[in-house]
file data_22.tsv (TSV, C-alpha atoms)
chain	number	residue	atom	x	y	z
Q	1	MET	CA	-0.42	37.55	-93.42
Q	2	SER	CA	-0.40	38.56	-97.07
Q	3	ASP	CA	2.85	40.48	-97.06
Q	4	PRO	CA	5.62	38.57	-95.28
Q	5	ASN	CA	7.39	41.83	-94.44
Q	6	GLN	CA	4.32	43.47	-92.95
Q	7	GLY	CA	5.06	42.18	-89.44
Q	8	GLU	CA	8.58	43.54	-89.59
Q	9	LYS	CA	7.37	46.93	-90.82
Q	10	ASP	CA	4.88	47.08	-87.94
Q	11	ASP	CA	7.60	46.23	-85.43
Q	12	VAL	CA	9.99	48.84	-86.81
Q	13	ARG	CA	7.21	51.43	-86.87
Q	14	GLY	CA	6.49	50.68	-83.20
Q	15	TYR	CA	10.09	51.31	-82.15
Q	16	VAL	CA	10.33	54.47	-84.27
Q	17	ALA	CA	7.09	55.80	-82.77
Q	18	GLY	CA	8.32	55.03	-79.25
Q	19	TYR	CA	11.67	56.69	-79.93
Q	20	ALA	CA	10.03	59.83	-81.37
Q	21	LEU	CA	7.59	60.13	-78.45
Q	22	ALA	CA	10.27	59.53	-75.83
Q	23	LEU	CA	12.56	62.05	-77.52
Q	24	ALA	CA	9.83	64.69	-77.57
Q	25	LEU	CA	8.99	64.12	-73.88
Q	26	THR	CA	12.69	64.22	-72.87
Q	27	CYS	CA	13.28	67.47	-74.75
Q	28	ALA	CA	10.15	69.01	-73.23
Q	29	ALA	CA	11.26	68.09	-69.71
Q	30	PHE	CA	14.75	69.52	-70.18
Q	31	ALA	CA	13.42	72.63	-71.95
Q	32	VAL	CA	11.05	73.43	-69.09
Q	33	VAL	CA	14.02	73.41	-66.69
Q	34	ARG	CA	16.51	75.09	-69.04
Q	35	TRP	CA	14.20	78.02	-69.83
Q	36	PRO	CA	12.15	78.37	-66.63
Q	37	SER	CA	8.80	80.03	-67.17
Q	38	PHE	CA	6.83	78.72	-64.20
Q	39	ASN	CA	7.45	78.77	-60.48
Q	40	ARG	CA	9.44	76.00	-58.82
Q	41	ILE	CA	6.57	73.73	-57.78
Q	42	THR	CA	4.80	73.92	-61.14
Q	43	THR	CA	8.01	73.18	-63.01
Q	44	LEU	CA	8.67	70.20	-60.76
Q	45	ALA	CA	5.15	68.90	-61.32
Q	46	ILE	CA	5.55	69.26	-65.10
Q	47	VAL	CA	8.91	67.43	-65.05
Q	48	PHE	CA	7.49	64.56	-62.99
Q	49	THR	CA	4.40	64.29	-65.20
Q	50	LEU	CA	6.52	64.23	-68.36
Q	51	GLY	CA	8.82	61.62	-66.80
Q	52	PHE	CA	5.86	59.44	-65.85
Q	53	ALA	CA	4.45	59.75	-69.37
Q	54	GLN	CA	7.82	58.80	-70.83
Q	55	ALA	CA	8.03	55.74	-68.58
Q	56	ILE	CA	4.63	54.64	-69.91
Q	57	VAL	CA	5.83	55.20	-73.49
Q	58	HIS	CA	8.88	53.01	-72.79
Q	59	PHE	CA	6.75	50.28	-71.24
Q	60	ARG	CA	4.34	50.36	-74.16
Q	61	TYR	CA	6.69	50.61	-77.15
Q	62	PHE	CA	9.99	49.13	-75.94
Q	63	LEU	CA	8.88	46.53	-73.39
Q	64	HIS	CA	5.62	45.83	-75.27
Q	65	ILE	CA	3.55	45.81	-72.08
Q	66	THR	CA	-0.08	46.40	-72.94
Q	67	LEU	CA	-3.24	45.97	-70.96
Q	68	ALA	CA	-4.57	43.47	-73.48
Q	69	LYS	CA	-4.31	39.77	-72.62
Q	70	SER	CA	-4.13	40.65	-68.97
Q	71	ALA	CA	-4.03	37.05	-67.85
Q	72	ARG	CA	-0.26	37.18	-68.23
Q	73	ASP	CA	1.71	36.70	-65.04
Q	74	ASP	CA	4.14	39.54	-65.70
Q	75	LEU	CA	1.33	42.09	-65.58
Q	76	TRP	CA	0.41	40.89	-62.10
Q	77	LEU	CA	4.04	41.13	-61.10
Q	78	ILE	CA	4.22	44.72	-62.37
Q	79	LEU	CA	1.13	45.64	-60.36
Q	80	PHE	CA	2.55	43.99	-57.25
Q	81	SER	CA	5.92	45.73	-57.66
Q	82	VAL	CA	4.21	49.07	-58.18
Q	83	LEU	CA	2.20	48.50	-54.99
Q	84	ILE	CA	5.35	47.67	-53.01
Q	85	ILE	CA	7.20	50.65	-54.47
Q	86	VAL	CA	4.39	53.12	-53.81
Q	87	LEU	CA	3.97	51.89	-50.22
Q	88	MET	CA	7.65	51.91	-49.35
Q	89	VAL	CA	8.68	55.09	-51.17
Q	90	SER	CA	5.73	57.23	-50.09
Q	91	GLY	CA	5.90	55.81	-46.58
Q	92	SER	CA	9.61	56.60	-46.22
Q	93	LEU	CA	9.21	60.10	-47.62
Q	94	VAL	CA	6.18	61.03	-45.51
Q	95	ILE	CA	7.51	59.64	-42.24
Q	96	LEU	CA	11.06	60.94	-42.54
Q	97	MET	CA	10.11	64.39	-43.85
Q	98	ASN	CA	7.62	64.69	-41.02
Q	99	LEU	CA	10.38	63.72	-38.61
Q	100	ARG	CA	12.74	66.29	-40.13
Q	101	ALA	CA	10.09	69.02	-39.89
Q	102	ARG	CA	9.50	68.19	-36.23
Q	103	MET	CA	13.19	68.18	-35.36
Q	104	MET	CA	14.03	71.47	-37.10
W	1	MET	CA	-1.78	42.68	-85.78
W	2	SER	CA	-0.01	39.57	-84.56
W	3	ALA	CA	-1.52	36.13	-84.75
W	4	ALA	CA	0.50	34.68	-81.90
W	5	GLU	CA	-0.36	35.51	-78.33
W	6	ALA	CA	2.13	37.55	-76.34
W	7	LYS	CA	3.76	35.25	-73.82
W	8	HIS	CA	6.15	37.60	-72.07
W	9	ALA	CA	7.33	41.19	-71.78
W	10	GLY	CA	9.47	42.56	-74.57
W	11	ILE	CA	9.33	41.70	-78.23
W	12	ASN	CA	7.65	38.33	-78.87
W	13	LEU	CA	8.91	35.90	-81.48
W	14	GLY	CA	5.59	34.14	-82.04
W	15	ASP	CA	5.14	35.40	-85.60
W	16	SER	CA	8.49	34.23	-86.91
W	17	ASP	CA	9.79	31.45	-84.67
W	18	ARG	CA	7.07	29.34	-83.01
W	19	GLU	CA	9.43	26.87	-81.41
W	20	THR	CA	11.51	29.43	-79.52
W	21	HIS	CA	8.38	31.33	-78.64
W	22	GLU	CA	6.88	28.27	-76.91
W	23	LYS	CA	9.95	27.99	-74.71
W	24	ALA	CA	10.53	31.70	-74.10
W	25	GLY	CA	7.52	32.33	-71.84
W	26	SER	CA	8.75	30.72	-68.63
W	27	GLU	CA	12.44	31.55	-69.19
W	28	ILE	CA	11.74	35.24	-69.62
W	29	PHE	CA	9.29	35.38	-66.74
W	30	GLY	CA	12.13	34.34	-64.42
W	31	PHE	CA	14.24	37.23	-65.66
W	32	TRP	CA	11.25	39.56	-65.30
W	33	ILE	CA	11.07	38.66	-61.59
W	34	PHE	CA	14.71	39.76	-61.24
W	35	LEU	CA	13.99	43.03	-63.05
W	36	MET	CA	11.05	43.85	-60.82
W	37	SER	CA	13.05	43.18	-57.66
W	38	ASP	CA	15.80	45.36	-59.10
W	39	ALA	CA	13.18	48.06	-59.61
W	40	VAL	CA	12.29	47.85	-55.91
W	41	ILE	CA	15.97	48.35	-55.00
W	42	PHE	CA	16.18	51.44	-57.21
W	43	ALA	CA	12.90	52.77	-55.84
W	44	LEU	CA	14.21	52.54	-52.29
W	45	LEU	CA	17.41	54.32	-53.25
W	46	PHE	CA	15.23	57.06	-54.77
W	47	ALA	CA	13.36	57.26	-51.47
W	48	THR	CA	16.69	57.55	-49.64
W	49	TYR	CA	17.78	60.32	-52.00
W	50	GLY	CA	14.50	62.17	-51.41
W	51	VAL	CA	14.87	61.88	-47.64
W	52	MET	CA	18.51	63.02	-47.77
W	53	LEU	CA	17.81	65.90	-50.16
W	54	ARG	CA	18.38	68.52	-47.49
W	55	GLY	CA	20.91	66.53	-45.48
W	56	THR	CA	23.89	68.56	-46.62
W	57	ALA	CA	25.43	69.19	-43.17
W	58	GLY	CA	26.59	72.63	-44.31
W	59	GLY	CA	28.62	71.18	-47.16
W	60	PRO	CA	28.08	71.08	-50.90
W	61	SER	CA	25.02	69.25	-52.13
W	62	ALA	CA	25.02	67.01	-55.17
W	63	ALA	CA	22.68	69.45	-56.93
W	64	ASP	CA	25.38	72.18	-56.90
W	65	GLU	CA	27.40	70.02	-59.26
W	66	TYR	CA	24.70	69.16	-61.81
W	67	ARG	CA	25.13	70.52	-65.32
W	68	ILE	CA	22.15	70.38	-67.64
W	69	LEU	CA	24.02	69.80	-70.90
W	70	PRO	CA	25.94	66.62	-69.94
W	71	ALA	CA	22.78	65.24	-68.30
W	72	PHE	CA	20.83	65.94	-71.49
W	73	ILE	CA	23.45	64.35	-73.75
W	74	GLU	CA	23.66	61.27	-71.50
W	75	THR	CA	19.87	60.98	-71.67
W	76	LEU	CA	19.89	61.19	-75.47
W	77	ILE	CA	22.69	58.61	-75.74
W	78	LEU	CA	20.87	56.11	-73.52
W	79	LEU	CA	17.53	56.67	-75.26
W	80	THR	CA	19.13	56.17	-78.67
W	81	SER	CA	20.86	53.00	-77.46
W	82	SER	CA	17.46	51.68	-76.36
W	83	PHE	CA	16.15	52.33	-79.87
W	84	THR	CA	19.15	50.69	-81.58
W	85	PHE	CA	18.77	47.62	-79.35
W	86	GLY	CA	15.12	47.52	-80.37
W	87	MET	CA	16.22	47.49	-84.00
W	88	ALA	CA	18.60	44.62	-83.22
W	89	SER	CA	15.67	42.68	-81.70
W	90	VAL	CA	13.51	43.32	-84.75
W	91	ALA	CA	16.31	42.23	-87.09
W	92	MET	CA	16.77	39.07	-84.99
W	93	LYS	CA	13.04	38.32	-84.91
W	94	HIS	CA	12.57	38.63	-88.67
W	95	GLY	CA	15.70	36.71	-89.68
W	96	ARG	CA	17.59	39.67	-91.13
W	97	GLY	CA	20.89	37.81	-90.92
W	98	LEU	CA	23.74	37.94	-88.44
W	99	ARG	CA	25.40	40.96	-90.00
W	100	THR	CA	22.44	43.30	-89.40
W	101	VAL	CA	21.86	42.04	-85.86
W	102	LEU	CA	25.55	42.40	-85.02
W	103	ALA	CA	25.74	45.89	-86.51
W	104	TRP	CA	22.87	47.16	-84.34
W	105	MET	CA	24.40	45.46	-81.29
W	106	VAL	CA	27.79	47.09	-81.93
W	107	ILE	CA	26.13	50.51	-82.21
W	108	THR	CA	24.28	49.85	-78.94
W	109	LEU	CA	27.51	48.82	-77.21
W	110	ALA	CA	29.30	51.94	-78.47
W	111	LEU	CA	26.48	54.15	-77.16
W	112	GLY	CA	26.51	52.34	-73.81
W	113	LEU	CA	30.26	52.85	-73.46
W	114	GLY	CA	29.89	56.50	-74.47
W	115	PHE	CA	27.27	56.96	-71.76
W	116	LEU	CA	29.57	55.38	-69.17
W	117	ALA	CA	32.50	57.56	-70.23
W	118	MET	CA	30.43	60.75	-69.83
W	119	GLU	CA	29.06	59.61	-66.49
W	120	LEU	CA	32.52	58.79	-65.16
W	121	ARG	CA	33.73	62.24	-66.24
W	122	ASP	CA	30.83	63.80	-64.32
W	123	PHE	CA	31.68	61.82	-61.19
W	124	SER	CA	35.37	62.68	-61.37
W	125	THR	CA	34.52	66.40	-61.74
W	126	MET	CA	32.31	66.14	-58.67
W	127	ILE	CA	35.00	64.39	-56.66
W	128	ALA	CA	37.61	66.92	-57.79
W	129	ASP	CA	35.31	69.68	-56.48
W	130	GLY	CA	35.21	68.03	-53.07
W	131	ALA	CA	31.71	66.57	-53.44
W	132	LEU	CA	32.70	63.19	-52.04
W	133	PRO	CA	30.23	60.51	-50.96
W	134	SER	CA	31.67	60.74	-47.44
W	135	ARG	CA	30.97	64.49	-47.23
W	136	ASN	CA	27.28	64.32	-46.21
W	137	GLY	CA	24.09	62.27	-46.44
W	138	ASN	CA	22.94	64.04	-49.58
W	139	LEU	CA	26.09	63.07	-51.47
W	140	SER	CA	26.12	59.54	-50.00
W	141	SER	CA	22.63	58.90	-51.31
W	142	PHE	CA	23.52	60.42	-54.70
W	143	PHE	CA	26.57	58.18	-55.00
W	144	ALA	CA	24.54	55.14	-53.94
W	145	LEU	CA	21.84	55.73	-56.55
W	146	VAL	CA	23.37	57.08	-59.75
W	147	PRO	CA	26.56	54.98	-59.90
W	148	LEU	CA	24.47	51.86	-59.18
W	149	HIS	CA	22.63	52.59	-62.41
W	150	GLY	CA	26.02	53.12	-64.10
W	151	LEU	CA	27.14	49.76	-62.74
W	152	HIS	CA	24.06	48.17	-64.28
W	153	VAL	CA	24.88	49.79	-67.62
W	154	ALA	CA	28.45	48.47	-67.31
W	155	ALA	CA	27.06	44.98	-66.65
W	156	GLY	CA	24.78	45.42	-69.68
W	157	CYS	CA	27.79	46.38	-71.82
W	158	LEU	CA	29.67	43.30	-70.64
W	159	TRP	CA	26.63	41.17	-71.46
W	160	LEU	CA	26.43	42.79	-74.90
W	161	ALA	CA	30.10	41.99	-75.47
W	162	VAL	CA	29.44	38.36	-74.52
W	163	MET	CA	26.49	38.24	-76.92
W	164	LEU	CA	28.67	39.73	-79.66
W	165	VAL	CA	30.78	36.58	-79.30
W	166	GLN	CA	27.86	34.17	-78.87
W	167	VAL	CA	25.91	35.33	-81.94
W	168	PRO	CA	28.67	34.65	-84.50
W	169	CYS	CA	29.81	31.46	-82.70
W	170	PHE	CA	26.46	29.71	-82.24
W	171	GLY	CA	24.34	31.54	-84.80
W	172	LEU	CA	20.83	32.63	-83.86
W	173	ASP	CA	19.71	29.38	-82.24
W	174	LYS	CA	17.02	29.08	-79.61
W	175	ARG	CA	19.28	29.72	-76.64
W	176	VAL	CA	20.98	32.75	-78.17
W	177	LYS	CA	17.65	34.25	-79.16
W	178	ILE	CA	16.26	33.92	-75.65
W	179	ASN	CA	19.47	35.45	-74.27
W	180	LEU	CA	19.02	38.40	-76.60
W	181	LEU	CA	15.40	38.81	-75.51
W	182	ARG	CA	16.50	38.92	-71.87
W	183	LEU	CA	19.29	41.39	-72.60
W	184	GLY	CA	16.76	43.55	-74.45
W	185	LEU	CA	14.49	43.63	-71.39
W	186	PHE	CA	17.46	44.53	-69.19
W	187	TRP	CA	18.59	47.33	-71.51
W	188	HIS	CA	15.13	48.89	-71.86
W	189	PHE	CA	14.60	48.56	-68.11
W	190	LEU	CA	17.81	50.52	-67.44
W	191	ASP	CA	16.55	53.28	-69.70
W	192	ILE	CA	13.33	53.49	-67.65
W	193	VAL	CA	15.39	53.78	-64.44
W	194	TRP	CA	17.34	56.57	-66.14
W	195	ILE	CA	14.08	58.47	-66.82
W	196	ALA	CA	13.49	58.48	-63.07
W	197	ILE	CA	17.11	59.55	-62.44
W	198	PHE	CA	17.09	62.50	-64.82
W	199	SER	CA	13.65	63.65	-63.60
W	200	VAL	CA	14.04	63.14	-59.87
W	201	VAL	CA	17.77	63.72	-59.44
W	202	TYR	CA	19.10	65.98	-62.19
W	203	LEU	CA	16.13	68.11	-63.25
W	204	GLN	CA	14.80	68.51	-59.72
W	205	GLY	CA	18.25	69.70	-58.61
W	206	LEU	CA	18.56	72.07	-61.56
W	207	ILE	CA	15.24	73.87	-61.05
W	208	ARG	CA	16.06	77.30	-59.71
call {"tool": "encode", "arguments": {"input": "data_22.tsv", "output": "structure tokens"}}
result
Amino acid sequence: MSDPNQGEKDDVRGYVAGYALALALTCAAFAVVRWPSFNRITTLAIVFTLGFAQAIVHFRYFLHITLAKSARDDLWLILFSVLIIVLMVSGSLVILMNLRARMM
Amino acid sequence: MSAAEAKHAGINLGDSDRETHEKAGSEIFGFWIFLMSDAVIFALLFATYGVMLRGTAGGPSAADEYRILPAFIETLILLTSSFTFGMASVAMKHGRGLRTVLAWMVITLALGLGFLAMELRDFSTMIADGALPSRNGNLSSFFALVPLHGLHVAAGCLWLAVMLVQVPCFGLDKRVKINLLRLGLFWHFLDIVWIAIFSVVYLQGLIR
């Protein structure tokens, strides 16, 4: 590296970019609820999409998880945890909401 | 951009401190396993909250008590604290001296305590309004999920306080650096859980 401070500048820039993106997504999500302009379902879908995007921003810029160098063990662990979470959360919601609907 | 290969989640020290970087891989992977199992716990509490959403048994639901402004301010505080901890990590990685690292850590701790104070005020308002965890399933699941995150933040603040003693006492040696890397992962992870809480719990409840 020619400039010894270049690495530090890159790191700082990464955190600033992540902070700015996350801030924008947070404000958008709260604004959509504060000043409702869509129906309930659409608003909910927008909020969840923005939240998901913000989680990806946090993973990318704060936890430095990228898809490059995918031989790393922690990426496999993330995939496995996501699988477990999707199975258990969606399973619980589907089964118990179905049960509620049938009992009402 | 970086010559050294990334060995673990979070900021990697490979560019500035080879020796610590060699050791950090396995030590941080162990902590990553804990974080992922913690994520599964939170995910299941979210599932419980979703199932209990309409389980109000004729009483108040947690959503009646949500206020958008405190939730928004809490979100901003936690997000900013994630950023300031990131700056502490960068200062530590690039040898900016103890004073800079400590200053960012103190700011992070102050933000974390501010978040906890606001959250406790929210909970006490809810309890004063009769929205107790024992009232119905909806409130039980709310009080299982959100205060558990608060408890994690409290543990993070305690850990930060310990590190505020360790850094000046031992200097930034290998062990202290790896501890800071782990604390950074924990802190950023809690912020990701909070994204899910403000989207799924607060904003969903506030949509009219």
call {"tool": "atom_distance", "arguments": {"input": "data_22.tsv", "atom1": "atom CA of Q:His58", "atom2": "atom CA of Q:Leu79"}}
result
16.4 Å
call {"tool": "atom_distance", "arguments": {"input": "data_22.tsv", "atom1": "atom CA of W:Met126", "atom2": "atom CA of W:Ile68"}}
result
14.2 Å
call {"tool": "closest_residue", "arguments": {"input": "data_22.tsv", "among": "Q:Leu67, Q:Leu96, Q:Ala17, Q:Ala101", "to": "chain W", "atoms": "all atoms listed in the file"}}
result
Q:Leu96
call {"tool": "closest_atom_pairs", "arguments": {"input": "data_22.tsv", "of": "chain W", "to": "chain Q", "cutoff": "8 Å", "atoms": "only C-alpha atoms", "output": "CSV"}}
result
residue,atom,partner,partner_atom,distance
W:Met1,CA,Q:Gly7,CA,7.8
W:Ser2,CA,Q:Gly7,CA,7.5
W:Ala6,CA,Q:Lys69,CA,7.8
W:Lys7,CA,Q:Arg72,CA,7.2
W:His8,CA,Q:Asp74,CA,7.0
W:Ala9,CA,Q:Leu63,CA,5.8
W:Gly10,CA,Q:Leu63,CA,4.2
W:Ile11,CA,Q:His64,CA,6.3
W:Asp15,CA,Q:Gly7,CA,7.8
W:Phe29,CA,Q:Asp74,CA,6.7
W:Trp32,CA,Q:Asp74,CA,7.1
W:Ile33,CA,Q:Leu77,CA,7.5
W:Met36,CA,Q:Ser81,CA,6.3
W:Ser37,CA,Q:Ser81,CA,7.6
W:Ala39,CA,Q:Ser81,CA,7.9
W:Val40,CA,Q:Ile85,CA,6.0
W:Ala43,CA,Q:Ile85,CA,6.2
W:Leu44,CA,Q:Val89,CA,6.2
W:Phe46,CA,Q:Val89,CA,7.7
W:Ala47,CA,Q:Val89,CA,5.2
W:Thr48,CA,Q:Ser92,CA,7.9
W:Gly50,CA,Q:Leu93,CA,6.8
W:Val51,CA,Q:Leu93,CA,5.9
W:Ile68,CA,Q:Arg34,CA,7.5
W:Phe72,CA,Q:Phe30,CA,7.2
W:Thr75,CA,Q:Thr26,CA,8.0
W:Leu76,CA,Q:Leu23,CA,7.7
W:Leu79,CA,Q:Tyr19,CA,7.5
W:Thr80,CA,Q:Tyr19,CA,7.6
W:Ser82,CA,Q:Phe62,CA,7.9
W:Phe83,CA,Q:Tyr19,CA,6.3
W:Gly86,CA,Q:Tyr15,CA,6.5
W:Met87,CA,Q:Val12,CA,7.0
W:Val90,CA,Q:Asp11,CA,6.6
W:His94,CA,Q:Glu8,CA,6.4
W:Leu185,CA,Q:Leu63,CA,6.6
W:His188,CA,Q:Phe62,CA,6.6
W:Ile192,CA,Q:Ala55,CA,5.8
W:Ile195,CA,Q:Gly51,CA,6.1
W:Ala196,CA,Q:Gly51,CA,6.8
W:Ser199,CA,Q:Gly51,CA,6.1
W:Val200,CA,Q:Phe48,CA,7.4
W:Leu203,CA,Q:Val33,CA,6.7
W:Gln204,CA,Q:Leu44,CA,6.4
W:Leu206,CA,Q:Val33,CA,7.0
W:Ile207,CA,Q:Val33,CA,5.8
W:Arg208,CA,Q:Arg40,CA,6.8
call {"tool": "closest_residue", "arguments": {"input": "data_22.tsv", "among": "W:Phe115, W:Trp187, W:Phe143, W:Phe170", "to": "W:Leu45", "atoms": "all atoms listed in the file"}}
result
W:Phe143
